[in-house]
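Undergrad: Once you've had a glance at the structure underneath, I'll fire off some questions.
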Amino acid sequence: MRELKLSKAFTLLEPGPVVLVTTHDGKKSNVMTISWTMVVDFTPVFAITTGAWNHSFAALRKTRECVIAIPTVDMLDQVVGIGTCSGADTDKFAKFKLTPVQGQIVKAPLIKECLANIECKVVDRVRKHNIVVLEGVAAYVDPARKEKRTIHAVGDGTFVVDGRKLDRRKMMASKIPAGV
Ligand SMILES: Cc1cc2nc3c(=O)[nH]c(=O)nc-3n(C[C@H](O)[C@H](O)[C@H](O)COP(=O)(O)O)c2cc1C
């Protein structure tokens, strides 16, 4: 993984991919699938919707840290598998053949097989809506990866894969932060 400028980390989530969120509860690592995400601002701040119905949530609440990992279409069955079993009784890194990699700041591991990873700290919670607000503190991409297409959940068990990339950078110049 190559370090990505933190000021560009929001571009990993802006397209709305299904993500994997890793945690470490002090004893072991876990991972869950999240499709309810949003970019809150460029700094970067993100929000995810999750709660106590997931085993990961206890570690997220206790450590106030996680990693958002971005999987690609070749990982779809792993992504769905991870999101349909629980770390309460399953070592998902072993079961889904994921390689944990230590980041620089948080204890939750990066996932080597993913296209990109963002180390995050929990900075706020909107309890009424089960929204957890995260600040990205370090980001990485794997430039050597051939498959770069991310996946998008429709919500009914079907998924859409990235298609053509369209360039409107000139038209949007006034809205794009410097250096992005
Ligand atoms: C495609 C997909 C998307 C999901 N999105 C979310 C989500 O946005 N929020 C959430 O709380 N759970 C979501 N889940 C469910 C969790 O990933 C699932 O409950 C998982 O088993 C939690 O793992 P854990 O108990 O080890 O934390 C999703 C599952 C799938 C398969």
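Labels for the structure tokens follow display order: chains A, B, ..., residues from 1 in each chain, ligands from 1.
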Could you give me, as a compact mmCIF listing (two decimals) with N, CA and C atoms, in the first residue's frame, every polymer residue with an atom at most 7 Å away from an atom of ligand 1, counting only C-alpha atoms and all ligand atoms?
TA:
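Written output follows (result_24.txt):
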# COMPACT_ATOMS: atom_id res chain seq x y z
N VAL A 18 -19.55 0.10 -1.43
CA VAL A 18 -19.68 -0.75 -0.24
C VAL A 18 -18.28 -0.83 0.37
N ASN A 30 -11.72 -7.59 13.94
CA ASN A 30 -12.98 -8.01 13.32
C ASN A 30 -13.24 -7.11 12.12
N VAL A 31 -14.19 -7.53 11.31
CA VAL A 31 -14.52 -6.75 10.11
C VAL A 31 -16.00 -6.91 9.81
N MET A 32 -16.63 -5.83 9.39
CA MET A 32 -18.04 -5.89 8.97
C MET A 32 -18.19 -5.15 7.64
N THR A 33 -19.30 -5.41 6.98
CA THR A 33 -19.61 -4.75 5.71
C THR A 33 -20.55 -3.58 5.99
N ILE A 34 -20.29 -2.45 5.36
CA ILE A 34 -21.15 -1.27 5.53
C ILE A 34 -21.44 -0.66 4.15
N SER A 35 -22.72 -0.47 3.86
CA SER A 35 -23.04 0.24 2.62
C SER A 35 -23.63 1.63 2.90
N TRP A 36 -24.03 1.87 4.15
CA TRP A 36 -24.57 3.19 4.48
C TRP A 36 -23.42 4.09 4.94
N THR A 37 -22.87 4.84 4.00
CA THR A 37 -21.74 5.73 4.28
C THR A 37 -22.00 7.09 3.62
N ILE A 48 -20.92 6.79 9.05
CA ILE A 48 -21.46 5.45 8.75
C ILE A 48 -22.67 5.24 9.65
N THR A 49 -23.61 4.45 9.19
CA THR A 49 -24.76 4.10 10.02
C THR A 49 -24.58 2.68 10.51
N THR A 50 -24.47 2.53 11.83
CA THR A 50 -24.35 1.20 12.42
C THR A 50 -24.67 1.30 13.90
N GLY A 51 -24.77 0.15 14.55
CA GLY A 51 -25.14 0.19 15.96
C GLY A 51 -24.92 -1.13 16.67
N TRP A 53 -26.45 -3.70 17.13
CA TRP A 53 -26.86 -4.99 16.57
C TRP A 53 -25.67 -5.73 15.95
N ASN A 54 -24.57 -5.01 15.72
CA ASN A 54 -23.36 -5.64 15.19
C ASN A 54 -22.34 -5.86 16.31
N HIS A 55 -21.61 -6.99 16.25
CA HIS A 55 -20.55 -7.28 17.22
C HIS A 55 -19.46 -6.19 17.16
N SER A 56 -19.15 -5.70 15.98
CA SER A 56 -18.10 -4.69 15.80
C SER A 56 -18.35 -3.43 16.62
N PHE A 57 -19.62 -3.15 16.89
CA PHE A 57 -19.97 -1.86 17.47
C PHE A 57 -19.35 -1.66 18.86
N VAL A 79 -17.22 -9.87 0.58
CA VAL A 79 -17.92 -8.71 1.14
C VAL A 79 -19.29 -9.13 1.70
N VAL A 80 -20.01 -9.94 0.92
CA VAL A 80 -21.34 -10.39 1.36
C VAL A 80 -21.20 -11.39 2.51
N GLY A 81 -20.21 -12.27 2.41
CA GLY A 81 -19.96 -13.24 3.49
C GLY A 81 -19.64 -12.54 4.80
N ILE A 82 -18.79 -11.52 4.73
CA ILE A 82 -18.39 -10.77 5.93
C ILE A 82 -19.60 -10.06 6.56
N GLY A 83 -20.52 -9.65 5.71
CA GLY A 83 -21.70 -8.93 6.19
C GLY A 83 -22.85 -9.84 6.58
N THR A 84 -22.64 -11.15 6.52
CA THR A 84 -23.73 -12.07 6.88
C THR A 84 -23.28 -13.09 7.93
N CYS A 85 -22.16 -12.81 8.61
CA CYS A 85 -21.78 -13.61 9.78
C CYS A 85 -21.17 -12.67 10.80
N SER A 86 -20.99 -13.16 12.01
CA SER A 86 -20.58 -12.25 13.08
C SER A 86 -19.23 -12.63 13.68
N GLY A 87 -18.47 -11.58 14.00
CA GLY A 87 -17.20 -11.75 14.70
C GLY A 87 -17.40 -12.30 16.10
N ALA A 88 -18.64 -12.35 16.57
CA ALA A 88 -18.90 -12.92 17.90
C ALA A 88 -18.52 -14.40 17.93
N ALA A 153 -24.13 -1.19 -3.39
CA ALA A 153 -25.27 -2.01 -3.00
C ALA A 153 -26.57 -1.32 -3.39
Undergrad: Apply DSSP to the structure's backbone, then extract all residues of chain A labelled strand (DSSP E) and return them as a PyMOL selection string.
TA: chain A and resi 2-4+19-24+29-34+37-41+45-49+65-70+100-101+110-111+116-126+131-141+151-153+159-161
Undergrad: Set the distance at 7 Å and use only C-alpha atoms: which residues neighbour Pro71 of chain A once local chain neighbours fewer than 6 positions away are removed? I'd like the list as an MDAnalysis selection string.
TA: chainID A and resid 19 114:115 150
Undergrad: Just N, CA, C and O atoms for this one: save the residues we selected as a PDB file, in the first residue's frame.
TA:
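Result saved to out_39.pdb:
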ATOM      1  N   VAL A  19     -18.197  -0.703   1.695  1.00  0.00           N
ATOM      2  CA  VAL A  19     -16.885  -0.740   2.346  1.00  0.00           C
ATOM      3  C   VAL A  19     -16.834  -1.841   3.397  1.00  0.00           C
ATOM      4  O   VAL A  19     -17.876  -2.367   3.820  1.00  0.00           O
ATOM      5  N   CYS A 114      -7.502  -5.128  -0.097  1.00  0.00           N
ATOM      6  CA  CYS A 114      -8.394  -4.066  -0.578  1.00  0.00           C
ATOM      7  C   CYS A 114      -7.641  -3.041  -1.425  1.00  0.00           C
ATOM      8  O   CYS A 114      -6.430  -2.907  -1.355  1.00  0.00           O
ATOM      9  N   LEU A 115      -8.415  -2.303  -2.203  1.00  0.00           N
ATOM     10  CA  LEU A 115      -7.847  -1.278  -3.089  1.00  0.00           C
ATOM     11  C   LEU A 115      -7.281  -0.107  -2.292  1.00  0.00           C
ATOM     12  O   LEU A 115      -6.277   0.483  -2.656  1.00  0.00           O
ATOM     13  N   THR A 150     -15.089  -0.616  -7.913  1.00  0.00           N
ATOM     14  CA  THR A 150     -15.745  -0.839  -6.614  1.00  0.00           C
ATOM     15  C   THR A 150     -17.196  -1.251  -6.836  1.00  0.00           C
ATOM     16  O   THR A 150     -17.711  -1.202  -7.956  1.00  0.00           O
TER      17      THR A 150
END
Undergrad: Using only C-alpha atoms, which of A:Val161, A:Ile151, A:Leu20, A:Ala59 sits nearest Ile111 of chain A?
TA: A:Leu20
Undergrad: As a list in words, please: every residue in segment 29-126 of chain A that DSSP puts in helix (DSSP H, G or I).
TA: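 Selection result, helix (DSSP H, G or I) within segment 29-126 of chain A: Ser56, Phe57, Ala58, Ala59, Leu60, Arg61, Lys62, Thr63, Val73, Asp74, Met75, Leu76, Asp77, Gln78, Val79, Val80, Gly81, Ile82, Lys92, Phe93, Ala94 and Lys95 of chain A.
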Undergrad: Could you tell me which of A:Thr22, A:Ser29, A:Ser7, A:Thr72 comes closest to Arg149 of chain A if we count only C-alpha atoms?
TA: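 Of all the options, A:Thr72 lies closest to Arg149 of chain A.
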Undergrad: Using only C-alpha atoms, which residues of segment 18-101 of chain A come within 9 Å of segment 126-138 of chain A, and what is the closest atom pair for each, with the distance in Å to one decimal? Give it as CSV, sorted by chain and residue number.
TA:
residue,atom,partner,partner_atom,distance
A:Val40,CA,A:Val133,CA,8.4
A:Thr43,CA,A:Glu135,CA,7.8
A:Pro44,CA,A:Gly136,CA,5.6
A:Val45,CA,A:Glu135,CA,4.5
A:Phe46,CA,A:Leu134,CA,5.1
A:Ala47,CA,A:Val133,CA,4.4
A:Ile48,CA,A:Val132,CA,5.4
A:Thr49,CA,A:Ile131,CA,4.5
A:Thr50,CA,A:Asn130,CA,5.6
A:Gly51,CA,A:Asn130,CA,5.7
A:Ala52,CA,A:Asn130,CA,8.9
A:Arg64,CA,A:Leu134,CA,8.9
A:Glu65,CA,A:Leu134,CA,8.4
A:Cys66,CA,A:Leu134,CA,8.6
A:Val67,CA,A:Gly136,CA,8.7
A:Ile68,CA,A:Gly136,CA,8.9
Undergrad: For atom CA of Glu147 of chain A and atom CA of Val73 of chain A, quote the distance in Å rounded to one decimal.
TA: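 Those two atoms sit 7.6 Å apart.
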